[in-house]
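Below: one structure, written as structure tokens.
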Protein chains: 4
Amino acid sequence: MSHNSFGHLFRVTTWGESHGAALGCVVDGCPPGIRFTVADIQAELDRRRPGQSRFVTQRREPDQVQVLSGFIEDGDELVTTGTPISMMIENTDQRSKDYGEIARQYRPGHADYTYDLKYGVRDFRGGGRSSARETAARVAAGALARRVVPGLVVRGALVAMGEKEIDRANWNWDFVGDAENPFFTPDPTSVAVFSDYLDGIRKNGSSVGALIEIVAEGVPAGLGAPVYAKLDQDIAANLMSINAVKGVEIGDGFQTARMTGEQNADEMRMGNDGQPVFEANHAGGILGGISTGQPVVARFAVKPTSSILTPRKSIDADGKEVEVVTKGRHDPCVGIRAVPIGEAMVACAIADHYLRHRGQTGRL
Amino acid sequence: MSHNSFGHLFRVTTWGESHGAALGCVVDGCPPGIRFTVADIQAELDRRRPGQSRFVTQRREPDQVQVLSGFIEDGDELVTTGTPISMMIENTDQRSKDYGEIARQYRPGHADYTYDLKYGVRDFRGGGRSSARETAARVAAGALARRVVPGLVVRGALVAMGEKEIDRANWNWDFVGDAENPFFTPDPTSVAVFSDYLDGIRKNGSSVGALIEIVAEGVPAGLGAPVYAKLDQDIAANLMSINAVKGVEIGDGFQTARMTGEQNADEMRMGNDGQPVFEANHAGGILGGISTGQPVVARFAVKPTSSILTPRKSIDADGKEVEVVTKGRHDPCVGIRAVPIGEAMVACAIADHYLRHRGQTGRL
Amino acid sequence: MSHNSFGHLFRVTTWGESHGAALGCVVDGCPPGIRFTVADIQAELDRRRPGQSRFVTQRREPDQVQVLSGFIEDGDELVTTGTPISMMIENTDQRSKDYGEIARQYRPGHADYTYDLKYGVRDFRGGGRSSARETAARVAAGALARRVVPGLVVRGALVAMGEKEIDRANWNWDFVGDAENPFFTPDPTSVAVFSDYLDGIRKNGSSVGALIEIVAEGVPAGLGAPVYAKLDQDIAANLMSINAVKGVEIGDGFQTARMTGEQNADEMRMGNDGQPVFEANHAGGILGGISTGQPVVARFAVKPTSSILTPRKSIDADGKEVEVVTKGRHDPCVGIRAVPIGEAMVACAIADHYLRHRGQTGRL
Amino acid sequence: MSHNSFGHLFRVTTWGESHGAALGCVVDGCPPGIRFTVADIQAELDRRRPGQSRFVTQRREPDQVQVLSGFIEDGDELVTTGTPISMMIENTDQRSKDYGEIARQYRPGHADYTYDLKYGVRDFRGGGRSSARETAARVAAGALARRVVPGLVVRGALVAMGEKEIDRANWNWDFVGDAENPFFTPDPTSVAVFSDYLDGIRKNGSSVGALIEIVAEGVPAGLGAPVYAKLDQDIAANLMSINAVKGVEIGDGFQTARMTGEQNADEMRMGNDGQPVFEANHAGGILGGISTGQPVVARFAVKPTSSILTPRKSIDADGKEVEVVTKGRHDPCVGIRAVPIGEAMVACAIADHYLRHRGQTGRL
């Protein structure tokens, strides 16, 4: 058991606060012989990094990853040895004065209050373990997880922001990583819409939620288990562990509550290659907790950050009633940066189940 | 690690198939000194039991629980000793012939196919571990979990079925358990609506999904952890592990993706008793993964069962294309019986975190 | 985490007290497709069963195992399906009156006292979970574990009892299971010696300890891990979890503290078949926590039972000073029956590491 | 599950190789509010550190610990926040050339061979995870564990080295840490004996084993569990996970195999303070897996290091027969430095069970 680890055979432990010396993770159970470069990991971290557009916090951390253990070098490449891979990111921009004003005030909707209730000891600077910065460690781990399953491709996209959503007819995976796309949206026509909308939010000192979709292709059939190790259950748990996530769904998700059995059935035929073919994917690639071989599809809802300029009624650590205004540097839509984090968490769940399936059945 | 267990300090392992001799669970880590009666457990099981109205499968199992270990007797009461509590329910109605026809056919939307892919060995009779019958064991465990946390009350209700939903203005917890209420709906006016609707579904040999809401009151503040042992994460995982569940949300859930920071903030004041008071509960009783002391609110979506009379295109275990029609006895809306199961899974998550919090902090 | 489970991928949970209705185990994670018969399991249980000679307790339990889940039938054989295998043994001989006299007295050297301290609630009848009867469940699980690793043979023998020990020059595995051998000794000449010795112990109402050796052949090289999942560590933990075990050693064990590096080195040559050959096995088949491919050798010490006729000074649950005399039916040397239990625990550790190794590396 | 973690509620994950950039640990689950200084941790590390006498390897690492997360500062003291505590030690003395000659040769009795078999990828420099250097991380974690249980004192001593052993009549805990005592022996008269003996061993390029005893005082009664979470089982597993340990015993350990029930019973009386008093401690403070309140006593055997100057027959990674001579810098008796490591591992086991007991029972 662990409060700061996830996964079973591909097991990730993260540590560190946003305003300490560093943060990092230890990846235990990674198979030996996996090849990667530090640049591979760094590239994933750079996608999550703040300070890249006016829509994300201007805290400028280089987020430079160091890989400290678990590999041997082979030219530019690192090769995993099967032992724990420790990765560390030093914190360089720790202006804790930003937080001074609200150090003892509880931001409504924030973990400040519950943290104090739980531990009785809190690092007032930047949210401690609840800081979004912790997610950098997940992204680093996810970069390795992606390499564990041959042929696995995990991609994510922002599909709605507040009252605005994309047009799925325009879905273009290539556009998600486009330099002109500050939103991870797959719909080029949505950029202008989201920009205008979020500028309004930002200028008001407000914030807004978002909806993220993750699609994993190349997931072998058979991963998961029927009851308490369902693949969708572990994906849901992993996504729900991301800060500010309040809902998770698989495939058609909440829509299935409205559907009939006829609508929801993913009918099957035999393909020309003698392999089964599904005519739909309402199930999101998972039936009875076990992968079908179709793309695995998950969506999660990110709430708006509680760090806003509009005064909110609250109390402080002494029980005094206060009006809280959060100045500091904050994202108007934390959901944007959740895209690479969601990808990482789904990749980790799949890598773990890949190893578990191999362990129990001897296949793969 | 375990494929058939959940929880850490309050740990539940379930076993058994729908068409074997019996099914059951082992509850490990239950504190000593908890008092209960077999009738307490049985009462919870009776709520989940099929055969109680025309809207649920007519498979008539008495579902009589036996408590085999982990207690001493004190008059009518059993007192837990701190050792594992084994509970067993014998299967008495195993008409496996019902399934003969579709034994080798894969029902679209069902776990048949993935089960075969994973294990290569399958019990054709009734879905094996994927059978809804496995959930009886969860309900038995949940009946104990409810007693672990003093003052805890966990209740659930069906809030939507297919295209129909309740009127929340009529919410009445007392009505949920009413003998005239076959739906676990909290809205008396909805019974006629759901009855008509589901009669239509049933007569068509179709099925429909549902939306369930669970509310836990009396949850002490401070349960959970900021990162990978979030209370909401473990509730989500537990609910997602129930058959046919495709989505889970906490508090305002997916709605938060559409909200602003102002809307989503649960403002706080000091109450007359010197205790903090929240003016809203958008967060569903959990902030940063840790309980606030407010009611914990979770919702989950149950997809329509894939066992329908309408022929669906599929293949069989030999790769032959077939049209599948599932006769047998099946619920037109499996979501109805998911209500007590959802309660049990939430109760187990809370009991586990109660013990974990006590272990780490020495409080409670 | 669990107080009543062991193993990770091959995971065993046991439950039940000696004087309740039944006891049993759930084996989770067993690979699908393993073939066995109920008679296979029963045969292992019969080896551990009391009442077979005058040297073991005359409590006569048939110890009839029922296999309740996790298989399909194929003629006489059961084939595992990959889902949890629940096995149960009903208690039929529960003469709790035997214990009446010492119900509230703490037997010196027994778990009575610590049990009360820990839980505050105790089943006075027969030691609760600390009863030797719990080990029947381990033996049942071990019978499956043996089948998980192709070619694995795990055998055990009693090598010393009190002041008497075997002559290793006479070691004969075939004799261990001989009908004329009530001691699991591998040395035919030792039977008369142990018989005389133990008759004396028994007539005095005394008890005596024993030393057991377990040898596992056919263990593939590469199982285990360098640090906290050492194969020898898990074997040691499994053996130490058996009642009354006070010491465990691997290979030359405690003797290595007296040896030099020259003496302890297992030198290697290349065999005619192009495979490495070790010229000795001081290491007991494990180097750096990982199996070498040589036989794995472990020994454990079983203390004398505390249930003796000689009065011992103690206190009772009310803090009153008493003289304890344990009548009841007790083994003069509980170590004898520890042989099949030790085998089972070693088999379970190896099966677990076999699946773990396969999971991480994809080999086997 | 994890190959590089141990403990459940007080959970330690270690990482790093001897010849990489750094090594370290993450301690998860430490209660909030524990006070310590970096100097406290460093003091423990300094006890384990090489280079302090002619009897330990002359590799001179400062082993300077950095505490990277999980605390707030309060003057000189650090106060734990309940979040993971990451500690790191940079490697500064990585003369990997020392190992060049034997890079591809398998040292008999060493993990080189099994490592290659398991992973197929090995860091030839210094033994990778099997290096004794990994144990620095355990000592750092143990320094925290000691503070988790109020009043706990865990001390260790070397009681035998090769053919020489201490005279227990001279036992003096104060002498163990004496500056003139390079052996952690509690018997002042043994220093000259051990010195002469080990000088001989060292000059011959040989090595020798040792026997270590750990005594934990102030362990509350009630820690542990009757079956698979026995306190002695977890202590045994923790000690067995230390490099080169081949045997572990609790209390009278292997001697109990030779004892009668009368000899082994720790008789009890009521003390003047109304508390039970034991008249002996053959059990080593643990009965039925649960602590009695007496001192917990464990011993472990450390084999001689396989790195010796005497040529030994072996093979290399290409299957060629070779004579191995290990030059480099090596301890003639690695058991000496195992004393603080053993203390740390016992302290971690006790801290974990302290939290587990509190979780399940609400006491402490």
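By order in the structure tokens, chains are A, B, ...; within a chain, residues start at 1; ligands start at 1, following the order shown.
A least-squares superposition of chain B onto chain D that uses all C-alpha atoms in sequence order produces an RMSD of 0.0 Å.
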With only C-alpha atoms counted and 7 Å as the cut-off, give the residues of chain D in contact with chain B, each with its shortest interatomic distance in Å and the pair that gives it, as a tab-separated table.
```
residue	atom	partner	partner_atom	distance
D:Met1	CA	B:Met1	CA	5.6
D:Gly29	CA	B:Gln360	CA	6.4
D:Cys30	CA	B:Gln360	CA	6.9
D:Pro31	CA	B:Gln360	CA	5.1
D:Pro32	CA	B:Thr361	CA	6.8
D:Leu355	CA	B:Gly359	CA	4.7
D:Arg356	CA	B:Gly359	CA	5.7
D:Arg358	CA	B:Gly359	CA	4.9
D:Gly359	CA	B:Gly359	CA	3.6
D:Gln360	CA	B:Pro31	CA	5.1
D:Thr361	CA	B:Pro31	CA	5.5
D:Gly362	CA	B:Arg358	CA	6.7
```
Can you spit out the residues from that selection as a tab-separated table (two decimals), in the first residue's frame, using all heavy atoms?
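Written file, result_15.tsv:
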```tsv
chain	number	residue	atom	x	y	z
D	1	MET	N	2.58	-4.12	-5.13
D	1	MET	CA	3.77	-4.97	-5.23
D	1	MET	C	4.95	-4.17	-5.75
D	1	MET	O	4.79	-3.27	-6.54
D	1	MET	CB	3.53	-6.11	-6.19
D	1	MET	CG	4.65	-7.11	-6.15
D	1	MET	SD	4.41	-8.38	-7.38
D	1	MET	CE	5.23	-7.60	-8.76
D	29	GLY	N	4.33	7.54	3.83
D	29	GLY	CA	3.45	7.13	4.92
D	29	GLY	C	3.95	7.53	6.29
D	29	GLY	O	3.32	7.21	7.31
D	30	CYS	N	5.08	8.22	6.34
D	30	CYS	CA	5.58	8.70	7.64
D	30	CYS	C	4.53	9.63	8.24
D	30	CYS	O	4.01	10.51	7.56
D	30	CYS	CB	6.91	9.43	7.44
D	30	CYS	SG	7.75	9.81	8.98
D	31	PRO	N	4.18	9.46	9.49
D	31	PRO	CA	3.19	10.36	10.10
D	31	PRO	C	3.66	11.82	10.03
D	31	PRO	O	4.86	12.08	10.04
D	31	PRO	CB	3.12	9.88	11.55
D	31	PRO	CG	3.61	8.48	11.54
D	31	PRO	CD	4.64	8.43	10.44
D	32	PRO	N	2.72	12.73	9.99
D	32	PRO	CA	3.08	14.16	10.05
D	32	PRO	C	3.51	14.52	11.47
D	32	PRO	O	3.12	13.85	12.43
D	32	PRO	CB	1.77	14.86	9.69
D	32	PRO	CG	0.68	13.89	10.07
D	32	PRO	CD	1.27	12.51	9.87
D	355	LEU	N	2.10	1.54	12.92
D	355	LEU	CA	1.04	2.25	12.19
D	355	LEU	C	-0.09	1.31	11.80
D	355	LEU	O	-1.26	1.67	11.84
D	355	LEU	CB	1.63	2.93	10.95
D	355	LEU	CG	2.75	3.94	11.20
D	355	LEU	CD1	3.17	4.60	9.88
D	355	LEU	CD2	2.34	5.02	12.20
D	356	ARG	N	0.26	0.10	11.41
D	356	ARG	CA	-0.77	-0.88	11.03
D	356	ARG	C	-1.67	-1.23	12.22
D	356	ARG	O	-2.89	-1.33	12.08
D	356	ARG	CB	-0.11	-2.15	10.49
D	356	ARG	CG	0.59	-1.94	9.18
D	356	ARG	CD	1.41	-3.14	8.75
D	356	ARG	NE	0.54	-4.22	8.30
D	356	ARG	CZ	0.98	-5.32	7.69
D	356	ARG	NH1	2.28	-5.46	7.45
D	356	ARG	NH2	0.15	-6.25	7.32
D	358	ARG	N	-2.23	0.59	14.84
D	358	ARG	CA	-3.04	1.76	15.14
D	358	ARG	C	-4.21	1.87	14.17
D	358	ARG	O	-5.32	2.22	14.54
D	358	ARG	CB	-2.14	3.00	15.06
D	358	ARG	CG	-2.79	4.26	15.52
D	358	ARG	CD	-1.74	5.29	15.91
D	358	ARG	NE	-1.11	5.90	14.75
D	358	ARG	CZ	-0.19	6.86	14.83
D	358	ARG	NH1	0.22	7.29	16.02
D	358	ARG	NH2	0.34	7.37	13.76
D	359	GLY	N	-3.93	1.57	12.89
D	359	GLY	CA	-4.99	1.63	11.89
D	359	GLY	C	-6.11	0.65	12.18
D	359	GLY	O	-7.29	1.00	12.17
D	360	GLN	N	-5.72	-0.60	12.45
D	360	GLN	CA	-6.78	-1.61	12.62
D	360	GLN	C	-7.52	-1.48	13.94
D	360	GLN	O	-8.72	-1.70	14.01
D	360	GLN	CB	-6.23	-3.05	12.47
D	360	GLN	CG	-7.38	-4.07	12.36
D	360	GLN	CD	-6.96	-5.52	12.30
D	360	GLN	OE1	-5.80	-5.83	12.43
D	360	GLN	NE2	-7.90	-6.40	12.08
D	361	THR	N	-6.78	-1.13	15.00
D	361	THR	CA	-7.41	-1.20	16.32
D	361	THR	C	-7.75	0.16	16.91
D	361	THR	O	-8.51	0.23	17.88
D	361	THR	CB	-6.48	-1.92	17.33
D	361	THR	OG1	-5.33	-1.09	17.54
D	361	THR	CG2	-6.06	-3.28	16.82
D	362	GLY	N	-7.18	1.22	16.38
D	362	GLY	CA	-7.44	2.54	16.96
D	362	GLY	C	-6.68	2.80	18.25
D	362	GLY	O	-6.85	3.85	18.87
```
Please provide as a PyMOL selection string all residues within 10 Å of B:Pro150, with the sequence filter that same-chain residues fewer than 5 positions apart are discarded (counting only C-alpha atoms).
chain B and resi 218-220+351+364
Please list as a ChimeraX atom specification every residue within 8 Å of A:Gly16, counting only C-alpha atoms and excluding residues in the same chain fewer than 5 positions away.
/A:22-24,128-129,134 /D:68-70,84-86
Give me, as a compact mmCIF listing (two decimals) with C-alpha atoms, in the first residue's frame, all polymer residues having an atom no more than 10 Å from stretch 177-179 of chain A, counting only C-alpha atoms and skipping those fewer than 6 positions away in the same chain.
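The resulting around_20.txt:
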```txt
# COMPACT_ATOMS: atom_id res chain seq x y z
CA ARG A 47 4.57 19.56 -23.55
CA ALA A 157 -6.85 16.20 -26.85
CA THR A 185 -7.40 20.90 -29.44
CA PRO A 186 -7.72 18.55 -32.42
CA PRO A 188 -8.22 23.83 -35.99
```
Selected residue, from C:Ala338, C:Met345, C:Ile250, C:Ala257, that lies nearest to D:Thr305 when counting only C-alpha atoms
C:Ala257
